[in-house]
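Next up, structure-v2.cif (mmCIF, C-alpha atoms):
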data_run
#
loop_
_atom_site.group_PDB
_atom_site.id
_atom_site.type_symbol
_atom_site.label_atom_id
_atom_site.label_comp_id
_atom_site.auth_asym_id
_atom_site.auth_seq_id
_atom_site.Cartn_x
_atom_site.Cartn_y
_atom_site.Cartn_z
ATOM 1 C CA MET A 1175 -18.481 21.924 -23.940
ATOM 2 C CA SER A 1176 -18.012 24.289 -21.035
ATOM 3 C CA MET A 1177 -17.915 22.815 -17.605
ATOM 4 C CA ALA A 1178 -18.975 24.559 -14.446
ATOM 5 C CA PHE A 1179 -16.467 25.692 -11.842
ATOM 6 C CA ASP A 1180 -15.293 23.017 -9.429
ATOM 7 C CA ALA A 1181 -17.696 23.742 -6.583
ATOM 8 C CA LEU A 1182 -15.852 21.351 -4.267
ATOM 9 C CA SER A 1183 -12.380 22.762 -4.816
ATOM 10 C CA ASP A 1184 -11.637 22.703 -1.082
ATOM 11 C CA VAL A 1185 -12.419 19.011 -0.739
ATOM 12 C CA SER A 1186 -9.546 16.521 -0.984
ATOM 13 C CA ASP A 1187 -9.376 14.108 -3.884
ATOM 14 C CA GLU A 1188 -9.888 11.123 -1.633
ATOM 15 C CA ALA A 1189 -12.906 12.657 0.112
ATOM 16 C CA LEU A 1190 -14.365 13.504 -3.278
ATOM 17 C CA LEU A 1191 -14.080 9.910 -4.349
ATOM 18 C CA VAL A 1192 -15.950 8.792 -1.245
ATOM 19 C CA LEU A 1193 -18.641 11.395 -1.946
ATOM 20 C CA TYR A 1194 -18.865 10.122 -5.503
ATOM 21 C CA GLY A 1195 -19.331 6.575 -4.248
ATOM 22 C CA ASN A 1196 -22.175 7.830 -2.071
ATOM 23 C CA GLY A 1197 -24.000 9.285 -5.051
ATOM 24 C CA ASP A 1198 -22.937 12.946 -4.878
ATOM 25 C CA ARG A 1199 -23.326 14.313 -8.415
ATOM 26 C CA ALA A 1200 -21.230 17.403 -7.723
ATOM 27 C CA ALA A 1201 -18.382 15.083 -6.765
ATOM 28 C CA ALA A 1202 -18.651 13.359 -10.146
ATOM 29 C CA ARG A 1203 -18.249 16.693 -11.866
ATOM 30 C CA SER A 1204 -15.365 17.823 -9.671
ATOM 31 C CA LEU A 1205 -13.471 14.578 -10.124
ATOM 32 C CA THR A 1206 -13.960 14.782 -13.872
ATOM 33 C CA LEU A 1207 -12.605 18.325 -13.946
ATOM 34 C CA ARG A 1208 -9.624 17.432 -11.801
ATOM 35 C CA PHE A 1209 -8.554 14.147 -13.266
ATOM 36 C CA ALA A 1210 -9.784 13.719 -16.826
ATOM 37 C CA PRO A 1211 -7.351 16.362 -18.195
ATOM 38 C CA LEU A 1212 -4.521 14.805 -16.190
ATOM 39 C CA ALA A 1213 -5.272 11.324 -17.535
ATOM 40 C CA PHE A 1214 -5.532 12.677 -21.074
ATOM 41 C CA ARG A 1215 -2.313 14.684 -20.798
ATOM 42 C CA VAL A 1216 -0.202 11.758 -19.597
ATOM 43 C CA ALA A 1217 -1.810 9.405 -22.116
ATOM 44 C CA LEU A 1218 -1.091 11.806 -24.963
ATOM 45 C CA ARG A 1219 2.517 12.263 -23.930
ATOM 46 C CA MET A 1220 2.938 8.502 -23.725
ATOM 47 C CA LEU A 1221 1.112 7.591 -26.931
ATOM 48 C CA GLY A 1222 1.565 10.666 -29.114
ATOM 49 C CA ASP A 1223 -1.898 10.218 -30.620
ATOM 50 C CA ARG A 1224 -4.799 12.423 -29.543
ATOM 51 C CA ALA A 1225 -7.699 10.103 -30.356
ATOM 52 C CA GLU A 1226 -5.993 7.128 -28.770
ATOM 53 C CA ALA A 1227 -5.090 9.225 -25.726
ATOM 54 C CA GLU A 1228 -8.726 10.250 -25.229
ATOM 55 C CA ASP A 1229 -9.831 6.661 -25.541
ATOM 56 C CA LEU A 1230 -7.256 5.502 -23.004
ATOM 57 C CA ALA A 1231 -7.996 8.350 -20.587
ATOM 58 C CA GLN A 1232 -11.706 7.547 -20.713
ATOM 59 C CA GLU A 1233 -10.941 3.915 -19.905
ATOM 60 C CA ALA A 1234 -8.748 4.953 -16.973
ATOM 61 C CA MET A 1235 -11.471 7.275 -15.646
ATOM 62 C CA LEU A 1236 -14.040 4.495 -15.916
ATOM 63 C CA ARG A 1237 -11.817 2.372 -13.705
ATOM 64 C CA LEU A 1238 -11.719 5.224 -11.218
ATOM 65 C CA TRP A 1239 -15.527 5.426 -11.137
ATOM 66 C CA LYS A 1240 -15.808 1.705 -10.595
ATOM 67 C CA ILE A 1241 -13.263 1.538 -7.793
ATOM 68 C CA ALA A 1242 -14.856 4.424 -5.864
ATOM 69 C CA PRO A 1243 -17.079 2.301 -3.562
ATOM 70 C CA ASP A 1244 -14.078 0.206 -2.535
ATOM 71 C CA TRP A 1245 -11.660 3.109 -2.120
ATOM 72 C CA ARG A 1246 -9.886 3.040 1.220
ATOM 73 C CA ASN A 1247 -8.507 6.306 2.499
ATOM 74 C CA GLY A 1248 -4.824 6.386 3.281
ATOM 75 C CA GLU A 1249 -3.784 3.625 0.913
ATOM 76 C CA ALA A 1250 -2.818 5.836 -2.026
ATOM 77 C CA LYS A 1251 -3.406 9.236 -3.511
ATOM 78 C CA VAL A 1252 -6.031 9.318 -6.226
ATOM 79 C CA SER A 1253 -3.606 11.056 -8.569
ATOM 80 C CA THR A 1254 -0.899 8.430 -8.021
ATOM 81 C CA TRP A 1255 -3.419 5.649 -8.559
ATOM 82 C CA LEU A 1256 -4.586 7.272 -11.784
ATOM 83 C CA TYR A 1257 -1.044 7.836 -13.037
ATOM 84 C CA ARG A 1258 -0.399 4.144 -12.493
ATOM 85 C CA VAL A 1259 -3.525 3.069 -14.367
ATOM 86 C CA VAL A 1260 -2.839 5.413 -17.278
ATOM 87 C CA SER A 1261 0.792 4.361 -17.453
ATOM 88 C CA ASN A 1262 -0.063 0.664 -17.413
ATOM 89 C CA LEU A 1263 -2.750 1.057 -20.057
ATOM 90 C CA ALA A 1264 -0.403 3.091 -22.217
ATOM 91 C CA THR A 1265 2.367 0.531 -21.849
ATOM 92 C CA ASP A 1266 -0.020 -2.236 -22.903
ATOM 93 C CA ARG A 1267 -1.041 -0.294 -25.990
ATOM 94 C CA LEU A 1268 2.537 0.494 -26.905
ATOM 95 C CA ARG A 1269 3.469 -3.152 -26.587
ATOM 96 C CA LYS A 1270 0.652 -4.178 -28.876
ATOM 97 C CA ARG A 1271 1.491 -1.409 -31.289
ATOM 98 C CA ARG A 1272 5.129 -2.408 -31.548
ATOM 99 C CA GLY A 1273 4.736 -6.093 -30.960
ATOM 100 C CA VAL A 1274 7.807 -6.311 -28.734
ATOM 101 C CA GLY A 1275 8.333 -6.549 -25.001
ATOM 102 C CA LEU A 1276 9.740 -3.738 -22.917
ATOM 103 C CA ASP A 1277 12.980 -5.611 -22.355
ATOM 104 C CA GLU A 1278 13.538 -5.581 -26.075
ATOM 105 C CA ALA A 1279 13.091 -1.839 -26.318
ATOM 106 C CA PRO A 1280 16.248 -0.391 -27.829
ATOM 107 C CA GLU A 1281 18.367 2.142 -26.040
ATOM 108 C CA ILE A 1282 18.870 5.467 -27.765
ATOM 109 C CA GLU A 1283 21.950 5.553 -29.930
ATOM 110 C CA ASP A 1284 23.948 8.451 -31.285
ATOM 111 C CA GLY A 1285 22.694 9.672 -34.628
ATOM 112 C CA ARG A 1286 19.083 8.739 -33.862
ATOM 113 C CA ALA A 1287 18.234 12.440 -33.912
ATOM 114 C CA SER A 1288 18.273 12.362 -37.684
ATOM 115 C CA VAL A 1289 15.099 10.267 -37.547
ATOM 116 C CA LEU A 1290 13.446 13.116 -35.712
ATOM 117 C CA ASP A 1291 14.205 15.528 -38.526
ATOM 118 C CA GLU A 1292 11.220 14.156 -40.407
ATOM 119 C CA MET A 1293 8.780 14.444 -37.501
ATOM 120 C CA ILE A 1294 9.924 17.508 -35.594
ATOM 121 C CA GLU A 1295 7.493 20.410 -35.589
ATOM 122 C CA THR A 1296 8.370 23.896 -34.691
ATOM 123 C CA GLY A 1297 8.551 24.782 -31.020
ATOM 124 C CA ARG A 1298 10.312 23.188 -28.112
ATOM 125 C CA ALA A 1299 7.243 21.526 -26.652
ATOM 126 C CA ALA A 1300 6.516 19.767 -29.922
ATOM 127 C CA ALA A 1301 10.156 18.792 -30.315
ATOM 128 C CA LEU A 1302 10.222 17.387 -26.799
ATOM 129 C CA GLN A 1303 7.009 15.466 -27.449
ATOM 130 C CA ALA A 1304 8.513 13.960 -30.583
ATOM 131 C CA ALA A 1305 11.723 13.085 -28.747
ATOM 132 C CA LEU A 1306 9.760 11.497 -25.905
ATOM 133 C CA GLN A 1307 8.151 9.153 -28.411
ATOM 134 C CA ALA A 1308 11.599 7.852 -29.338
ATOM 135 C CA LEU A 1309 12.478 6.931 -25.746
ATOM 136 C CA PRO A 1310 11.924 3.433 -24.379
ATOM 137 C CA GLU A 1311 8.524 3.313 -22.647
ATOM 138 C CA ARG A 1312 9.708 3.104 -19.057
ATOM 139 C CA GLN A 1313 12.174 5.948 -19.493
ATOM 140 C CA ARG A 1314 9.496 8.018 -21.219
ATOM 141 C CA GLN A 1315 7.044 7.303 -18.427
ATOM 142 C CA ALA A 1316 9.511 8.257 -15.690
ATOM 143 C CA VAL A 1317 10.610 11.450 -17.452
ATOM 144 C CA ILE A 1318 7.020 12.569 -18.080
ATOM 145 C CA LEU A 1319 5.972 12.000 -14.486
ATOM 146 C CA ARG A 1320 9.112 13.552 -12.988
ATOM 147 C CA HIS A 1321 9.905 16.498 -15.238
ATOM 148 C CA ILE A 1322 6.586 17.425 -16.811
ATOM 149 C CA GLU A 1323 3.982 16.322 -14.289
ATOM 150 C CA GLY A 1324 6.268 17.309 -11.406
ATOM 151 C CA MET A 1325 5.782 14.220 -9.278
ATOM 152 C CA SER A 1326 8.311 13.260 -6.613
ATOM 153 C CA ASN A 1327 10.472 10.186 -7.038
ATOM 154 C CA PRO A 1328 8.667 8.226 -4.264
ATOM 155 C CA GLU A 1329 5.314 9.033 -5.927
ATOM 156 C CA ILE A 1330 6.644 7.859 -9.287
ATOM 157 C CA ALA A 1331 8.007 4.725 -7.658
ATOM 158 C CA GLU A 1332 4.529 3.986 -6.334
ATOM 159 C CA ALA A 1333 2.871 4.746 -9.655
ATOM 160 C CA MET A 1334 5.322 2.619 -11.615
ATOM 161 C CA GLU A 1335 5.524 -0.066 -8.941
ATOM 162 C CA ILE A 1336 9.316 0.042 -8.802
ATOM 163 C CA GLY A 1337 11.920 1.294 -6.333
ATOM 164 C CA VAL A 1338 13.032 4.895 -5.989
ATOM 165 C CA GLU A 1339 16.520 4.023 -7.229
ATOM 166 C CA ALA A 1340 15.056 2.505 -10.370
ATOM 167 C CA VAL A 1341 13.117 5.732 -10.918
ATOM 168 C CA GLU A 1342 16.304 7.757 -10.605
ATOM 169 C CA SER A 1343 18.044 5.474 -13.075
ATOM 170 C CA LEU A 1344 15.187 5.654 -15.581
ATOM 171 C CA THR A 1345 14.929 9.440 -15.445
ATOM 172 C CA ALA A 1346 18.698 9.857 -15.776
ATOM 173 C CA ARG A 1347 18.846 7.544 -18.787
ATOM 174 C CA GLY A 1348 15.763 9.176 -20.241
ATOM 175 C CA LYS A 1349 17.281 12.635 -19.955
ATOM 176 C CA ARG A 1350 20.500 11.484 -21.580
ATOM 177 C CA GLY A 1351 18.444 10.013 -24.411
ATOM 178 C CA LEU A 1352 16.446 13.216 -24.814
ATOM 179 C CA ALA A 1353 19.605 15.302 -24.875
ATOM 180 C CA LYS A 1354 20.947 13.193 -27.726
ATOM 181 C CA LEU A 1355 17.675 13.265 -29.605
ATOM 182 C CA LEU A 1356 17.302 17.003 -29.260
ATOM 183 C CA ALA A 1357 20.906 17.858 -29.957
ATOM 184 C CA GLY A 1358 20.255 18.165 -33.655
ATOM 185 C CA GLN A 1359 17.448 20.644 -33.013
ATOM 186 C CA ARG A 1360 19.475 23.147 -31.018
ATOM 187 C CA GLU A 1361 19.762 25.898 -33.589
ATOM 188 C CA GLU A 1362 16.245 25.854 -34.966
ATOM 189 C CA LEU A 1363 14.825 25.750 -31.446
ATOM 190 C CA GLY A 1364 16.689 28.833 -30.322
ATOM 191 C CA PHE A 1365 19.719 27.323 -28.639
ATOM 192 C CA GLY A 1366 22.164 28.203 -31.400
ATOM 193 C CA ASP A 1367 23.596 31.235 -29.660
ATOM 194 C CA ASP A 1368 24.011 29.615 -26.239
ATOM 195 C CA MET B 1275 23.613 22.138 -13.734
ATOM 196 C CA THR B 1276 25.283 21.497 -17.092
ATOM 197 C CA GLU B 1277 24.472 23.329 -20.286
ATOM 198 C CA HIS B 1278 22.602 20.317 -21.657
ATOM 199 C CA GLU B 1279 20.562 20.022 -18.474
ATOM 200 C CA ASN B 1280 19.698 23.701 -18.723
ATOM 201 C CA GLU B 1281 18.497 23.180 -22.266
ATOM 202 C CA LEU B 1282 16.417 20.200 -21.250
ATOM 203 C CA GLU B 1283 14.846 22.187 -18.442
ATOM 204 C CA ARG B 1284 13.741 24.760 -20.999
ATOM 205 C CA PHE B 1285 12.171 22.006 -23.079
ATOM 206 C CA PHE B 1286 10.359 20.726 -20.007
ATOM 207 C CA ALA B 1287 9.209 24.234 -19.121
ATOM 208 C CA ALA B 1288 7.863 24.662 -22.640
ATOM 209 C CA ALA B 1289 6.030 21.340 -22.400
ATOM 210 C CA LYS B 1290 4.432 22.360 -19.084
ATOM 211 C CA ALA B 1291 3.402 25.713 -20.505
ATOM 212 C CA GLU B 1292 1.804 24.083 -23.533
ATOM 213 C CA ALA B 1293 0.041 21.302 -21.718
ATOM 214 C CA PRO B 1294 -2.343 19.570 -24.134
ATOM 215 C CA MET B 1295 -5.988 20.068 -23.247
ATOM 216 C CA PRO B 1296 -8.664 17.487 -23.960
ATOM 217 C CA SER B 1297 -11.628 18.312 -26.163
ATOM 218 C CA GLY B 1298 -14.987 19.327 -24.754
ATOM 219 C CA ASP B 1299 -16.523 16.199 -26.235
ATOM 220 C CA PHE B 1300 -14.075 14.071 -24.322
ATOM 221 C CA MET B 1301 -14.876 15.838 -21.054
ATOM 222 C CA ALA B 1302 -18.596 15.403 -21.720
ATOM 223 C CA ARG B 1303 -18.157 11.693 -22.417
ATOM 224 C CA VAL B 1304 -16.173 11.169 -19.217
ATOM 225 C CA LEU B 1305 -18.742 13.045 -17.131
ATOM 226 C CA ALA B 1306 -21.636 11.128 -18.707
ATOM 227 C CA GLU B 1307 -19.890 7.875 -17.928
ATOM 228 C CA ALA B 1308 -19.210 9.060 -14.369
ATOM 229 C CA GLU B 1309 -22.887 9.821 -13.807
ATOM 230 C CA ALA B 1310 -24.067 6.588 -15.433
ATOM 231 C CA THR B 1311 -21.663 4.505 -13.340
ATOM 232 C CA GLN B 1312 -22.638 6.416 -10.221
ATOM 233 C CA ALA B 1313 -26.326 5.733 -10.856
ATOM 234 C CA GLY B 1314 -25.526 2.033 -11.005
ATOM 235 C CA LEU B 1315 -23.527 2.189 -7.790
ATOM 236 C CA THR B 1316 -26.258 3.854 -5.793
ATOM 237 C CA ALA B 1317 -29.355 2.218 -7.330
ATOM 238 C CA PRO B 1318 -31.505 0.201 -4.868
ATOM 239 C CA PRO B 1319 -31.268 -3.585 -5.250
ATOM 240 C CA VAL B 1320 -33.675 -5.123 -7.762
ATOM 241 C CA ARG B 1321 -36.745 -6.701 -6.076
ATOM 242 C CA ALA B 1322 -39.040 -9.427 -7.336
ATOM 243 C CA PRO B 1323 -42.346 -8.226 -8.858
ATOM 244 C CA ALA B 1324 -44.999 -7.282 -6.288
ATOM 245 C CA GLY B 1325 -47.490 -10.017 -5.316
ATOM 246 C CA ARG B 1326 -45.096 -12.937 -5.614
ATOM 247 C CA ASP B 1327 -42.879 -12.386 -2.637
ATOM 248 C CA GLY B 1328 -45.358 -12.946 0.214
ATOM 249 C CA LEU B 1329 -44.969 -15.702 2.817
ATOM 250 C CA TRP B 1330 -47.740 -17.812 1.289
ATOM 251 C CA ALA B 1331 -46.254 -17.589 -2.208
ATOM 252 C CA THR B 1332 -42.864 -18.595 -0.840
ATOM 253 C CA ILE B 1333 -44.235 -21.638 1.017
ATOM 254 C CA SER B 1334 -46.392 -22.625 -1.936
ATOM 255 C CA GLY B 1335 -43.381 -22.449 -4.209
ATOM 256 C CA LEU B 1336 -41.359 -24.681 -1.918
ATOM 257 C CA PHE B 1337 -43.920 -27.488 -2.215
ATOM 258 C CA GLY B 1338 -44.543 -27.274 -5.916
ATOM 259 C CA GLY B 1339 -47.361 -24.752 -6.099
ATOM 260 C CA SER B 1340 -51.061 -25.218 -5.357
ATOM 261 C CA ILE B 1341 -51.221 -28.808 -6.685
ATOM 262 C CA GLY B 1342 -48.432 -29.967 -4.411
ATOM 263 C CA LEU B 1343 -49.968 -28.198 -1.456
ATOM 264 C CA GLY B 1344 -53.366 -29.787 -2.186
ATOM 265 C CA GLY B 1345 -51.833 -33.275 -2.067
ATOM 266 C CA MET B 1346 -50.078 -32.477 1.161
ATOM 267 C CA ALA B 1347 -53.304 -31.194 2.725
ATOM 268 C CA THR B 1348 -55.171 -34.407 1.766
ATOM 269 C CA ALA B 1349 -52.434 -36.601 3.236
ATOM 270 C CA ALA B 1350 -52.410 -34.531 6.400
ATOM 271 C CA LEU B 1351 -56.189 -34.847 6.822
ATOM 272 C CA ALA B 1352 -56.018 -38.616 6.206
ATOM 273 C CA GLY B 1353 -53.308 -38.954 8.850
ATOM 274 C CA LEU B 1354 -55.373 -36.940 11.281
ATOM 275 C CA TRP B 1355 -58.412 -39.116 10.676
ATOM 276 C CA ILE B 1356 -56.440 -42.377 11.123
ATOM 277 C CA GLY B 1357 -54.970 -41.066 14.315
ATOM 278 C CA PHE B 1358 -58.383 -40.058 15.602
ATOM 279 C CA ALA B 1359 -60.332 -43.165 14.556
ATOM 280 C CA GLY B 1360 -57.636 -45.739 15.376
ATOM 281 C CA ALA B 1361 -55.939 -48.222 13.028
ATOM 282 C CA ASP B 1362 -58.213 -51.116 14.122
ATOM 283 C CA ASN B 1363 -61.147 -49.535 12.383
ATOM 284 C CA LEU B 1364 -59.338 -49.411 9.075
ATOM 285 C CA ALA B 1365 -60.355 -53.030 8.423
ATOM 286 C CA SER B 1366 -63.923 -51.864 7.962
ATOM 287 C CA TYR B 1367 -62.820 -49.854 4.935
ATOM 288 C CA TRP B 1368 -61.112 -52.857 3.312
ATOM 289 C CA PRO B 1369 -63.427 -54.825 1.009
ATOM 290 C CA GLY B 1370 -61.899 -58.281 1.827
ATOM 291 C CA THR B 1371 -60.498 -59.739 5.049
ATOM 292 C CA THR B 1372 -57.325 -58.560 6.740
ATOM 293 C CA ALA B 1373 -55.661 -61.834 5.763
ATOM 294 C CA ASP B 1374 -55.979 -60.763 2.117
ATOM 295 C CA ILE B 1375 -53.729 -57.790 2.711
ATOM 296 C CA GLY B 1376 -50.753 -60.135 2.891
ATOM 297 C CA THR B 1377 -47.235 -59.423 4.098
ATOM 298 C CA LEU B 1378 -44.126 -58.013 2.508
ATOM 299 C CA GLU B 1379 -40.728 -59.648 3.055
ATOM 300 C CA LEU B 1380 -37.967 -57.093 3.157
ATOM 301 C CA MET B 1381 -35.092 -59.621 3.646
ATOM 302 C CA PRO B 1382 -34.427 -62.733 1.546
ATOM 303 C CA GLY B 1383 -35.945 -65.779 3.178
ATOM 304 C CA GLU B 1384 -34.013 -68.745 4.526
ATOM 305 C CA ASP B 1385 -34.974 -70.867 1.517
ATOM 306 C CA LEU B 1386 -33.283 -68.490 -0.881
ATOM 307 C CA VAL B 1387 -30.017 -68.530 1.129
ATOM 308 C CA THR B 1388 -30.045 -72.336 1.321
ATOM 309 C CA LEU B 1389 -30.701 -72.516 -2.387
ATOM 310 C CA ALA B 1390 -27.806 -70.174 -3.159
ATOM 311 C CA LEU B 1391 -25.393 -72.139 -0.971
ATOM 312 C CA GLY B 1392 -26.552 -75.439 -2.453
ATOM 313 C CA GLU B 1393 -25.938 -74.168 -5.947
ATOM 314 C CA GLY B 1394 -22.348 -73.323 -5.000
ATOM 315 C CA TYR B 1395 -22.577 -69.600 -5.380
#

Kindly return the structure encoded in the file as structure tokens.
Amino acid sequence: MSMAFDALSDVSDEALLVLYGNGDRAAARSLTLRFAPLAFRVALRMLGDRAEAEDLAQEAMLRLWKIAPDWRNGEAKVSTWLYRVVSNLATDRLRKRRGVGLDEAPEIEDGRASVLDEMIETGRAAALQAALQALPERQRQAVILRHIEGMSNPEIAEAMEIGVEAVESLTARGKRGLAKLLAGQREELGFGDD
Amino acid sequence: MTEHENELERFFAAAKAEAPMPSGDFMARVLAEAEATQAGLTAPPVRAPAGRDGLWATISGLFGGSIGLGGMATAALAGLWIGFAGADNLASYWPGTTADIGTLELMPGEDLVTLALGEGY
């Protein structure tokens, strides 16, 4: 399906949401173009499964549509709100999938990279995606939002409903875990001569 | 920045460059849901069917419909007539004498109290 150009590209996200709540059909289209790919992208990076990511992203977007009439300007950015919803939904699904709580999530240990050997595809992006799946959920979430989505630490703190220091700790631990996981892939991913 | 951090940055850069894109079907589903939800948000409130929401229908409903209203109208007319004609004239509508109408005791009589006390209750 090809979607038309975002005719309201100059309008802020928050104003668009108000327009949507007032029945503006162009706003519905613009919001879909702006946020559905974002929701899908984060969901896919969290879950690692395309069909499940689409399902989750659609659920998150439905929540956005429903909250529109009650949206109060100045309380939060739409993107931060959506990141939070997607992250929470993804965490719930991961919990159900694994059947363990987040506190029980294991830390990455040395030698874990060998597990990746079976699932690594070619290319750094694919390798990173596979490594992300091996991180504990909260670390994965923080790393995705900080280093791939490019959010600031205060924004991540708001999205994850934790303090900025906790964000810094999660991203640092997540990066250490990724480095270990990816260490075994250095040569085949073009880092052999570095 | 350490060597490992540099490597990680290149992984992150690759991930950003190869951002996964959703399918067209997914985008269409999200937009359809957006429009359907929006239609529900902005739809006018549902009204009762025409012809049943007038003042008369509302009042009639409060008193149990036309049968209830008919009874009330009869009682009202009777009250009006009694008020106009006077209660003294009611005796002429009674087939016997006024003494036959009798009286109704709302409190137990003295005999009943005496009897109860005498029986030791």

Would you give me, as a Markdown table, each residue of chain A having an atom within 7 Å of an atom of chain B, along with its shortest atom pair and that distance in Å to one decimal, using only C-alpha atoms and sorting by chain and residue number?
| residue | atom | partner | partner_atom | distance |
| --- | --- | --- | --- | --- |
| A:Met1175 | CA | B:Gly1298 | CA | 4.4 |
| A:Ser1176 | CA | B:Gly1298 | CA | 6.9 |
| A:Gly1195 | CA | B:Gln1312 | CA | 6.8 |
| A:Asn1196 | CA | B:Thr1316 | CA | 6.8 |
| A:Gly1197 | CA | B:Thr1316 | CA | 5.9 |
| A:Ala1202 | CA | B:Ala1308 | CA | 6.1 |
| A:Arg1203 | CA | B:Leu1305 | CA | 6.4 |
| A:Thr1206 | CA | B:Leu1305 | CA | 6.0 |
| A:Ala1210 | CA | B:Met1301 | CA | 6.9 |
| A:Pro1211 | CA | B:Pro1296 | CA | 6.0 |
| A:Phe1214 | CA | B:Pro1296 | CA | 6.4 |
| A:Arg1215 | CA | B:Pro1294 | CA | 5.9 |
| A:Glu1228 | CA | B:Phe1300 | CA | 6.6 |
| A:Gln1232 | CA | B:Val1304 | CA | 5.9 |
| A:Trp1239 | CA | B:Ala1308 | CA | 6.1 |
| A:Arg1298 | CA | B:Phe1285 | CA | 5.5 |
| A:Ala1299 | CA | B:Ala1289 | CA | 4.4 |
| A:Leu1302 | CA | B:Phe1285 | CA | 6.2 |
| A:His1321 | CA | B:Phe1286 | CA | 6.4 |
| A:Ile1322 | CA | B:Lys1290 | CA | 5.8 |
| A:Ala1353 | CA | B:His1278 | CA | 6.7 |

Which residue gives the smallest distance to A:Leu1212 among A:Gly1248, A:Ala1308, A:Ile1318, A:Asp1266, with only C-alpha atoms counted?
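Of A:Gly1248, A:Ala1308, A:Ile1318, A:Asp1266, the one nearest A:Leu1212 is A:Ile1318, counting only C-alpha atoms.
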
Could you list the residues chosen by the PyMOL selection byres ((chain A and resi 1307) around 10) in this structure as a PyMOL selection string?
chain A and resi 1219-1222+1290+1302-1306+1308-1311+1314+1352

_Within-8 Å shell of (-0.9, 15.1, -12.2) in input frame, all atoms listed in the file, as a list of chain:residue names_ =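 Residues close enough to count: A:Phe1209, A:Leu1212, A:Ala1213, A:Ser1253, A:Thr1254, A:Tyr1257, A:Leu1319, A:Glu1323, A:Gly1324, A:Met1325.
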
| task | Go through A:Ala1316, A:Ala1333, A:Ala1340, A:Leu1256 one by one, measure the shortest atom-to-atom distance of each to A:Leu1238 using only C-alpha atoms, and give the residue with the smallest value. | result |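 Closest to A:Leu1238 of all the choices is A:Leu1256.
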
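The gap separating atom CA of A:Tyr1194 from atom CA of A:Lys1251 is 15.6 Å, in Å to one decimal.
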
Identify, on the basis of only C-alpha atoms, every residue whose closest approach to A:Leu1230 does not exceed 8 Å; exclude the query and any residue fewer than 2 positions from it along the same chain; express the result as a count of residues only. 11

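Taking atom CA of A:Lys1354 and atom CA of A:Arg1271 as the two end points, the separation is 24.6 Å.
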
_So that I can check the surroundings of A:Ser1204, please list as a ChimeraX atom specification every protein, DNA and RNA residue that reaches within 8 Å of it, counting all atoms listed in the file and ignoring chain neighbours fewer than 2 positions away._
/A:1180-1183,1190,1200-1202,1206-1208

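Put simply, atom CA of A:Ala1331 is 23.7 Å away from atom CA of A:Ala1189.
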
Tell me which of A:Ala1250, A:Val1338, A:Leu1191, A:Ala1301 sits closest to A:Met1235, counting all atoms listed in the file.
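Under the stated criterion, the closest residue is A:Leu1191.
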